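**Student:** Enclosed is the structure file coords_28.txt (compact mmCIF, C-alpha atoms and all ligand atoms).
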```
# COMPACT_ATOMS: atom_id res chain seq x y z
CA MET C 103 107.19 132.66 145.52
CA ALA C 104 106.69 136.11 146.98
CA GLU C 105 108.01 136.65 150.46
CA PRO C 106 105.45 137.37 153.18
CA ALA C 107 104.81 141.08 153.57
CA ILE C 108 106.25 142.72 156.67
CA LYS C 109 103.43 145.25 156.68
CA ASN C 110 101.48 143.21 159.24
CA ASP C 111 104.26 143.78 161.74
CA VAL C 112 104.10 147.55 161.45
CA THR C 113 102.58 149.78 164.12
CA ARG C 114 102.54 153.55 164.13
CA VAL C 115 104.42 155.09 167.04
CA GLY C 116 103.26 158.69 166.72
CA VAL C 117 100.37 160.73 165.39
CA SER C 118 102.63 162.85 163.20
CA LEU C 119 105.28 160.37 162.11
CA GLY C 120 106.98 157.08 162.79
CA ALA C 121 106.36 153.34 162.66
CA ARG C 122 107.80 150.38 164.50
CA VAL C 123 108.64 147.34 162.40
CA GLU C 124 108.85 144.05 164.27
CA GLY C 125 109.94 140.69 163.01
CA ILE C 126 113.03 141.73 161.08
CA ASN C 127 116.45 140.38 162.02
CA LEU C 128 118.92 142.15 159.77
CA ALA C 129 121.86 140.14 161.13
CA ALA C 130 120.29 137.00 159.66
CA GLY C 131 120.29 138.56 156.20
CA TYR C 132 117.68 140.41 154.17
CA SER C 133 116.37 140.33 150.66
CA GLU C 134 115.87 143.03 148.07
CA TYR C 135 112.18 142.59 148.76
CA THR C 136 112.58 143.53 152.43
CA ILE C 137 114.64 146.57 151.52
CA ARG C 138 111.96 147.65 149.04
CA GLU C 139 109.27 147.28 151.68
CA LEU C 140 111.31 149.28 154.18
CA ARG C 141 111.77 152.02 151.59
CA ASP C 142 108.00 152.14 151.00
CA LEU C 143 107.35 152.26 154.72
CA MET C 144 109.86 155.08 155.07
CA LEU C 145 108.00 157.13 152.47
CA GLU C 146 104.78 156.57 154.34
CA HIS C 147 105.99 157.10 157.91
CA HIS C 148 109.24 159.16 157.60
CA LEU C 149 110.82 157.28 160.52
CA LEU C 150 111.19 153.56 161.20
CA VAL C 151 112.10 151.86 164.46
CA LEU C 152 113.65 148.40 163.97
CA PRO C 153 114.09 146.99 167.47
CA ASP C 154 116.64 144.41 168.59
CA GLN C 155 119.14 144.57 165.72
CA HIS C 156 122.47 142.94 166.47
CA LEU C 157 124.80 144.47 163.90
CA SER C 158 128.50 145.32 164.01
CA ALA C 159 129.55 148.69 162.62
CA LEU C 160 130.58 146.99 159.37
CA GLU C 161 127.24 145.19 159.11
CA LEU C 162 125.45 148.48 159.71
CA GLU C 163 127.53 150.00 156.91
CA ALA C 164 126.57 147.16 154.55
CA PHE C 165 122.89 147.61 155.41
CA GLY C 166 123.24 151.36 154.82
CA ARG C 167 124.62 150.74 151.33
CA GLU C 168 121.32 149.06 150.44
CA TRP C 169 119.80 152.55 150.65
CA GLY C 170 122.43 154.34 148.55
CA ASP C 171 125.97 155.70 148.73
CA LEU C 172 127.13 156.58 152.22
CA LEU C 173 128.58 159.92 153.29
CA THR C 174 131.25 160.43 155.94
CA HIS C 175 131.04 163.11 158.63
CA PRO C 176 133.82 165.63 159.38
CA ALA C 177 133.39 165.42 163.17
CA THR C 178 133.44 161.73 163.97
CA LYS C 179 134.08 158.22 162.69
CA HIS C 180 134.11 154.64 163.95
CA ARG C 181 137.52 153.00 164.30
CA ASP C 182 136.59 150.22 161.83
CA THR C 183 135.21 152.37 159.01
CA PRO C 184 134.87 156.05 158.10
CA TYR C 185 131.34 155.33 156.85
CA VAL C 186 130.00 154.75 160.34
CA GLN C 187 130.04 157.57 162.87
CA PHE C 188 130.73 156.80 166.49
CA ILE C 189 128.68 159.18 168.59
CA GLY C 190 129.33 159.10 172.27
CA GLY C 191 129.55 161.15 175.35
CA ARG C 192 128.00 162.40 178.49
CA ALA C 193 125.66 165.28 177.79
CA ARG C 194 126.35 166.83 181.25
CA MET C 195 122.76 167.23 182.21
CA PHE C 196 121.36 170.68 181.59
CA LYS C 197 124.79 172.32 181.39
CA PHE C 198 123.83 174.42 178.43
CA THR C 199 126.25 176.80 176.81
CA VAL C 200 124.84 179.08 174.17
CA GLY C 201 125.59 177.66 170.74
CA VAL C 202 127.16 174.47 172.10
CA HIS C 203 125.26 171.21 172.08
CA PRO C 204 126.11 167.54 172.39
CA PHE C 205 126.28 166.03 168.89
CA GLY C 206 122.79 166.33 167.42
CA GLY C 207 121.51 168.71 170.10
CA GLY C 208 119.37 171.51 168.72
CA TRP C 209 116.71 170.99 166.07
CA HIS C 210 118.16 170.12 162.67
CA SER C 211 118.00 168.02 159.58
CA ASP C 212 121.33 166.29 159.03
CA MET C 213 124.24 168.00 157.25
CA THR C 214 122.16 170.64 155.50
CA TRP C 215 125.45 172.46 154.92
CA HIS C 216 126.37 169.70 152.43
CA ALA C 217 125.65 170.03 148.69
CA THR C 218 123.82 166.68 148.74
CA PRO C 219 122.65 166.24 152.34
CA PRO C 220 121.68 162.75 153.45
CA HIS C 221 118.24 161.44 152.53
CA ILE C 222 118.40 158.88 155.26
CA THR C 223 120.15 158.69 158.62
CA GLY C 224 120.35 155.48 160.66
CA LEU C 225 121.17 155.46 164.35
CA HIS C 226 121.92 152.23 166.21
CA ALA C 227 121.86 152.38 170.01
CA GLN C 228 124.92 150.86 171.74
CA GLN C 229 124.95 152.26 175.28
CA LEU C 230 122.23 154.27 176.97
CA PRO C 231 121.71 156.19 180.17
CA ALA C 232 119.28 154.62 182.65
CA MET C 233 116.89 157.44 181.83
CA GLY C 234 116.96 160.33 179.39
CA GLY C 235 118.82 160.70 176.11
CA ASP C 236 115.67 160.46 174.00
CA THR C 237 115.64 161.83 170.48
CA ALA C 238 112.77 164.03 169.31
CA PHE C 239 111.63 164.19 165.67
CA ALA C 240 109.36 166.73 163.95
CA ASN C 241 107.45 166.23 160.69
CA GLN C 242 108.39 169.05 158.30
CA HIS C 243 105.69 168.25 155.75
CA LEU C 244 103.10 169.01 158.42
CA ALA C 245 105.11 172.08 159.42
CA TYR C 246 104.95 173.39 155.85
CA GLU C 247 101.34 172.43 155.20
CA THR C 248 100.07 174.17 158.35
CA LEU C 249 101.68 177.53 157.55
CA ASP C 250 99.23 180.29 156.65
CA ASP C 251 98.88 181.06 152.95
CA ALA C 252 100.66 184.41 153.15
CA THR C 253 103.74 182.79 154.69
CA LYS C 254 103.67 179.97 152.15
CA GLU C 255 103.63 182.57 149.40
CA GLU C 256 106.37 184.63 151.04
CA ILE C 257 108.79 181.69 151.33
CA ALA C 258 107.90 179.88 148.09
CA ASP C 259 111.02 180.87 146.17
CA LEU C 260 113.40 181.76 148.98
CA LYS C 261 116.79 180.18 149.49
CA ALA C 262 118.83 179.98 152.67
CA PHE C 263 122.53 179.77 153.52
CA HIS C 264 123.61 176.76 155.62
CA THR C 265 127.06 176.54 157.19
CA GLY C 266 129.13 173.49 158.13
CA LYS C 267 131.83 175.58 159.85
CA VAL C 268 130.64 174.39 163.27
CA PHE C 269 132.51 171.19 162.35
CA GLY C 270 135.74 172.85 161.15
CA PRO C 271 137.05 175.73 159.06
CA ASP C 272 137.25 173.70 155.86
CA VAL C 273 133.78 172.18 156.01
CA GLU C 274 131.59 173.35 153.17
CA ASP C 275 128.61 175.71 153.17
CA SER C 276 125.58 175.39 150.90
CA ILE C 277 122.54 177.28 149.73
CA HIS C 278 119.25 175.36 149.61
CA PRO C 279 115.57 176.21 149.08
CA VAL C 280 113.60 177.13 152.21
CA VAL C 281 110.84 174.82 151.00
CA ARG C 282 112.03 171.58 149.46
CA THR C 283 110.03 169.09 147.48
CA HIS C 284 110.58 165.44 148.38
CA ASN C 285 112.04 163.85 145.27
CA GLU C 286 110.15 160.57 145.79
CA SER C 287 106.81 161.58 147.31
CA GLY C 288 106.52 165.05 145.73
CA ARG C 289 105.45 166.48 149.09
CA LYS C 290 106.76 169.87 150.18
CA ALA C 291 108.61 170.35 153.47
CA LEU C 292 110.10 173.22 155.41
CA TYR C 293 113.89 172.97 155.14
CA VAL C 294 115.55 175.43 157.54
CA ASN C 295 117.06 174.62 160.92
CA GLY C 296 118.54 176.41 163.92
CA ASN C 297 121.85 174.52 163.88
CA PHE C 298 123.05 175.19 160.34
CA THR C 299 120.80 177.76 158.62
CA LYS C 300 122.40 181.18 159.06
CA TYR C 301 120.31 183.49 156.92
CA ILE C 302 117.79 183.79 154.11
CA CYS C 303 119.53 184.89 150.92
CA ASP C 304 118.81 188.30 149.38
CA MET C 305 116.98 189.61 152.42
CA PRO C 306 117.99 192.30 154.95
CA ASP C 307 119.52 190.72 158.12
CA ASP C 308 116.71 191.81 160.43
CA ASP C 309 113.98 190.47 158.16
CA SER C 310 115.88 187.22 157.67
CA GLU C 311 116.31 186.77 161.40
CA LYS C 312 112.65 187.46 162.12
CA LEU C 313 111.45 185.10 159.43
CA LEU C 314 113.80 182.30 160.48
CA PHE C 315 112.79 182.72 164.12
CA LYS C 316 109.14 182.40 163.15
CA LEU C 317 109.78 179.36 160.95
CA PHE C 318 111.95 177.58 163.56
CA ALA C 319 109.31 178.10 166.22
CA HIS C 320 106.55 176.78 163.99
CA ALA C 321 108.57 173.85 162.64
CA THR C 322 109.11 172.34 166.07
CA ARG C 323 105.62 172.62 167.51
CA PRO C 324 104.97 169.59 169.74
CA GLU C 325 102.01 168.65 167.51
CA PHE C 326 104.45 167.68 164.76
CA THR C 327 106.73 165.57 166.94
CA TYR C 328 107.47 162.03 168.02
CA ARG C 329 109.89 161.42 170.87
CA HIS C 330 111.82 158.17 170.74
CA ARG C 331 112.78 156.51 174.00
CA TRP C 332 115.70 154.28 173.09
CA GLU C 333 116.31 150.64 173.89
CA ILE C 334 119.73 149.08 173.35
CA ASN C 335 120.00 147.70 169.78
CA ASP C 336 117.20 149.86 168.41
CA LEU C 337 117.99 150.86 164.85
CA VAL C 338 116.08 154.02 163.98
CA LEU C 339 116.08 155.24 160.39
CA TRP C 340 114.64 158.57 159.37
CA ASP C 341 114.13 160.68 156.27
CA ASN C 342 115.92 164.03 156.52
CA ARG C 343 113.81 165.36 153.63
CA SER C 344 110.76 165.00 155.87
CA VAL C 345 111.83 165.38 159.49
CA MET C 346 114.08 167.36 161.79
CA HIS C 347 115.43 165.87 165.01
CA TYR C 348 116.92 166.86 168.35
CA ALA C 349 119.15 164.74 170.62
CA ILE C 350 117.98 165.65 174.11
CA GLY C 351 120.88 166.33 176.49
CA ASP C 352 119.26 165.46 179.80
CA TYR C 353 121.67 162.81 181.13
CA ASN C 354 125.12 162.39 182.68
CA GLU C 355 125.93 158.79 181.86
CA LEU C 356 127.61 157.42 178.79
CA ARG C 357 125.43 157.22 175.69
CA THR C 358 126.92 155.80 172.49
CA MET C 359 125.48 155.32 169.04
CA HIS C 360 126.61 154.05 165.67
CA ARG C 361 125.34 156.12 162.78
CA ILE C 362 125.17 156.04 159.00
CA VAL C 363 124.17 158.78 156.58
CA VAL C 364 122.97 157.95 153.07
CA LYS C 365 123.85 160.53 150.42
CA GLY C 366 120.89 162.39 148.97
CA ASP C 367 120.29 164.55 145.90
CA VAL C 368 120.64 168.31 145.63
CA PRO C 369 117.55 169.67 147.44
CA VAL C 370 115.06 171.39 145.10
O1 LIG C 401 122.15 161.05 169.22
C1 LIG C 401 121.04 161.31 168.75
O2 LIG C 401 119.99 161.04 169.33
C2 LIG C 401 120.91 162.02 167.43
C3 LIG C 401 122.20 162.62 167.00
C4 LIG C 401 122.07 163.23 165.65
O3 LIG C 401 121.66 164.34 165.50
C5 LIG C 401 122.37 162.43 164.49
O4 LIG C 401 122.78 161.28 164.64
O5 LIG C 401 122.20 162.93 163.37
FE FE C 402 121.45 164.80 163.46
```
Would you mind writing the file's structure down as C-alpha cells?
Ligand SMILES: O=C(O)CCC(=O)C(=O)O
Ligand SMILES: [Fe+2]

**Tutor:**
Amino acid sequence: MAEPAIKNDVTRVGVSLGARVEGINLAAGYSEYTIRELRDLMLEHHLLVLPDQHLSALELEAFGREWGDLLTHPATKHRDTPYVQFIGGRARMFKFTVGVHPFGGGWHSDMTWHATPPHITGLHAQQLPAMGGDTAFANQHLAYETLDDATKEEIADLKAFHTGKVFGPDVEDSIHPVVRTHNESGRKALYVNGNFTKYICDMPDDDSEKLLFKLFAHATRPEFTYRHRWEINDLVLWDNRSVMHYAIGDYNELRTMHRIVVKGDVPV
C-alpha cells in the first residue's frame, strides 16, 4: 500500500523560495518514499524547513547519506564524525571587519571553491540567541531570469575563479561557469558569490570587478529572498544549485548548529 503523501503538510514560507514540511519525525525512521517526496519538494521549493527534528549528529549524518555522498569541510567538524560540521560562536554583534565574517556570513553558495560543490546543505539548530541569528536565502534562478537580455548574453559562456584559501593554504580553488544549469530541473541559475568568487576568467581585472559587483548586487535583491527565523531543532535543507545564503551576524549569545553537505556534480 502506498504511504500517505506528505504534500498536504507543506506550506510555502516565502514568495521566492522555501516550504515548511510538518508531520515528519525523522528520529522515528523514514522510508525511501519519504526521501523521494522530500527530493521532489526540494526541486520545487529549493529550501525545506523540517521543524522539531530530534537527531544526534550521527543520525543527521545517516539522514544526509540518503541524499548522496557527504563532503567534509576544512574549517570545522563535529567531535563524533568528520561528516557533520559543528558551527558555533558568538557573532559579536555588528563588529564587522572587512573580509571577516562569522562562518557563513556574506552571501554565498556553499563551497563553490570545490570541484564538486555540495548540491544540498542541511543545518540543524542546536542553540540559538534569544533574538537574531537568522539566515537569509536568495533564489538564484530568479536572479538569472530577471537579468536583462544583454547581460544574459554577455555572461552566457563566462567562467569564474573561486578560491577556498579563506579556509587554509592547501584548500583547493576551482573554476565554474557563471551561469549554471541545474542538473535535475534544467533551470539556469547565477553562480557567483562575494565570499569565494575572485574574478571572471579571461577578462581584464577592472571589467571583471565591475561585472561581479553588478551581478552580486542583483543576485541578492530582497525580492529574491526568504529570511529564516530559527527555532531550536529546525532542520533546514537547501539546494546550493538554486540559492545563496547569508548567516546574519546580529547577536552576541552562543549560536550552534550541526551541518551536513551532500556532494554534488561538477557544475555545468
Ligand atoms: O549558520 C548559518 O546560518 C549558515 C552558515 C552557513 O553558511 C552554512 O552552514 O553553510
Ligand atoms: Fe554556507

**Student:** Might you pull out every residue within 7 Å of Phe188 (chain C), with all atoms listed in the file counted and same-chain residues fewer than 2 positions away left off, and present them as a PyMOL selection string?

**Tutor:** chain C and resi 178-180+186+190+359-361

**Student:** Calculated over only C-alpha atoms and all ligand atoms, which of the candidates C:His221, C:His320, C:His284, C:Lys254 has the smallest distance to ligand LIG 401 (chain C)?

**Tutor:** C:His221

**Student:** Got a sec: who's within 12 Å of Asn241 (chain C), counting only C-alpha atoms, leaving out chain neighbours fewer than 4 positions off, as a ChimeraX atom specification?

**Tutor:** /C:116-120,146-149,209-211,245-248,289-293,320-329,340-347

**Student:** Which distance in Å separates CA of Asp251 (chain C) and CA of Val280 (chain C), to one decimal?

**Tutor:**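 Result for CA of Asp251 (chain C) versus CA of Val280 (chain C): 15.3 Å, one decimal.
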
**Student:** Between CA of Asp352 (chain C) and CA of Thr299 (chain C), what is the distance, to one decimal in Å?

**Tutor:**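 Interatomic distance here is 24.5 Å.
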
**Student:** Looking at only C-alpha atoms, which of C:Ile350, C:Leu140, C:Val368, C:Leu314 is the one that sits closest to Lys197 (chain C)?

**Tutor:**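 Once distances to Lys197 (chain C) are computed over only C-alpha atoms, the minimum belongs to C:Ile350.
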
**Student:** Would you work out the distance separating CA of Leu160 (chain C) from CA of Ala232 (chain C), expressed in Å to one decimal?

**Tutor:**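 Separating CA of Leu160 (chain C) from CA of Ala232 (chain C) is a distance of 27.0 Å.
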
**Student:** Please report as CSV every residue of chain C lying within 12 Å of ligand FE 402 (chain C), along with the nearest atom pair and their distance in Å (one decimal), using all atoms listed in the file.

**Tutor:**
```
residue,atom,partner,partner_atom,distance
C:His175,CA,C:FE402,FE,10.9
C:Ala177,CA,C:FE402,FE,12.0
C:Gln187,CA,C:FE402,FE,11.2
C:Ile189,CA,C:FE402,FE,10.5
C:His203,CA,C:FE402,FE,11.4
C:Pro204,CA,C:FE402,FE,10.4
C:Phe205,CA,C:FE402,FE,7.4
C:Gly206,CA,C:FE402,FE,4.5
C:Gly207,CA,C:FE402,FE,7.7
C:Gly208,CA,C:FE402,FE,8.8
C:Trp209,CA,C:FE402,FE,8.2
C:His210,CA,C:FE402,FE,6.3
C:Ser211,CA,C:FE402,FE,6.1
C:Asp212,CA,C:FE402,FE,4.7
C:Met213,CA,C:FE402,FE,7.5
C:Thr214,CA,C:FE402,FE,9.9
C:Pro219,CA,C:FE402,FE,11.3
C:Pro220,CA,C:FE402,FE,10.2
C:His221,CA,C:FE402,FE,11.9
C:Ile222,CA,C:FE402,FE,10.6
C:Thr223,CA,C:FE402,FE,7.9
C:Gly224,CA,C:FE402,FE,9.8
C:Leu225,CA,C:FE402,FE,9.4
C:Thr237,CA,C:FE402,FE,9.6
C:Ala238,CA,C:FE402,FE,10.5
C:Phe239,CA,C:FE402,FE,10.1
C:Asn295,CA,C:FE402,FE,11.1
C:Gly296,CA,C:FE402,FE,12.0
C:Asn297,CA,C:FE402,FE,9.7
C:Phe298,CA,C:FE402,FE,11.0
C:Leu339,CA,C:FE402,FE,11.4
C:Trp340,CA,C:FE402,FE,10.1
C:Asp341,CA,C:FE402,FE,11.1
C:Asn342,CA,C:FE402,FE,8.9
C:Val345,CA,C:FE402,FE,10.4
C:Met346,CA,C:FE402,FE,8.0
C:His347,CA,C:FE402,FE,6.3
C:Tyr348,CA,C:FE402,FE,7.0
C:Ala349,CA,C:FE402,FE,7.5
C:Ile350,CA,C:FE402,FE,11.2
C:Met359,CA,C:FE402,FE,11.7
C:Arg361,CA,C:FE402,FE,9.5
C:Ile362,CA,C:FE402,FE,10.5
C:Val363,CA,C:FE402,FE,9.5
```

**Student:** Please, which residues are within 10 Å of (112.9, 144.7, 155.0) by the file's coordinates, counting all atoms listed in the file, and could they come as a PyMOL selection string?

**Tutor:** chain C and resi 107-109+123+125-128+131-143+152

**Student:** Using only C-alpha atoms, pick whichever of C:Met305, C:Val294, C:Lys261, C:Glu286 has the shortest atom-to-atom distance to Ala319 (chain C).

**Tutor:**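 With only C-alpha atoms as the atom set, the closest residue is C:Val294.
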
**Student:** Ranking C:Ser158, C:Ser287, C:Thr358, C:Thr265 by minimum distance to ligand LIG 401 (chain C) and counting all atoms listed in the file, which one comes first?

**Tutor:** C:Thr358

**Student:** Between C:Arg114, C:Lys267, C:Arg357, C:Arg122, which one has atoms that come closest to ligand LIG 401 (chain C), using all atoms listed in the file?

**Tutor:**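 The closest residue to ligand LIG 401 (chain C) is C:Arg357.
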
**Student:** Between C:Ile277, C:Lys316, C:Lys300, C:Ala227, which is the closest to Leu249 (chain C) once you count only C-alpha atoms?

**Tutor:** C:Lys316

**Student:** Since the input lacks some atoms of region 154-166 of chain C, please model N, CA and C atoms and print them as an mmCIF file, keeping the file's coordinate frame.

**Tutor:**
```cif
data_model
loop_
_atom_site.group_PDB
_atom_site.id
_atom_site.type_symbol
_atom_site.label_atom_id
_atom_site.label_comp_id
_atom_site.auth_asym_id
_atom_site.auth_seq_id
_atom_site.Cartn_x
_atom_site.Cartn_y
_atom_site.Cartn_z
ATOM 1 N N ASP C 154 115.903 145.651 168.347
ATOM 2 C CA ASP C 154 116.640 144.410 168.590
ATOM 3 C C ASP C 154 117.499 143.974 167.397
ATOM 4 N N GLN C 155 118.252 144.893 166.849
ATOM 5 C CA GLN C 155 119.140 144.570 165.720
ATOM 6 C C GLN C 155 120.569 144.409 166.228
ATOM 7 N N HIS C 156 121.116 143.231 165.989
ATOM 8 C CA HIS C 156 122.470 142.940 166.470
ATOM 9 C C HIS C 156 123.427 143.032 165.286
ATOM 10 N N LEU C 157 123.954 144.221 165.061
ATOM 11 C CA LEU C 157 124.800 144.470 163.900
ATOM 12 C C LEU C 157 126.112 145.113 164.353
ATOM 13 N N SER C 158 127.226 144.631 163.798
ATOM 14 C CA SER C 158 128.500 145.320 164.010
ATOM 15 C C SER C 158 128.468 146.605 163.186
ATOM 16 N N ALA C 159 129.472 147.441 163.410
ATOM 17 C CA ALA C 159 129.550 148.690 162.620
ATOM 18 C C ALA C 159 129.652 148.362 161.132
ATOM 19 N N LEU C 160 130.420 147.337 160.787
ATOM 20 C CA LEU C 160 130.580 146.990 159.370
ATOM 21 C C LEU C 160 129.283 146.435 158.783
ATOM 22 N N GLU C 161 128.548 145.690 159.584
ATOM 23 C CA GLU C 161 127.240 145.190 159.110
ATOM 24 C C GLU C 161 126.239 146.331 158.950
ATOM 25 N N LEU C 162 126.316 147.296 159.846
ATOM 26 C CA LEU C 162 125.450 148.480 159.710
ATOM 27 C C LEU C 162 125.802 149.223 158.416
ATOM 28 N N GLU C 163 127.093 149.351 158.152
ATOM 29 C CA GLU C 163 127.530 150.000 156.910
ATOM 30 C C GLU C 163 126.962 149.268 155.689
ATOM 31 N N ALA C 164 127.064 147.944 155.701
ATOM 32 C CA ALA C 164 126.570 147.160 154.550
ATOM 33 C C ALA C 164 125.061 147.356 154.379
ATOM 34 N N PHE C 165 124.330 147.361 155.487
ATOM 35 C CA PHE C 165 122.890 147.610 155.410
ATOM 36 C C PHE C 165 122.629 149.015 154.850
ATOM 37 N N GLY C 166 123.402 149.993 155.306
ATOM 38 C CA GLY C 166 123.240 151.360 154.820
ATOM 39 C C GLY C 166 123.427 151.453 153.317
#
```
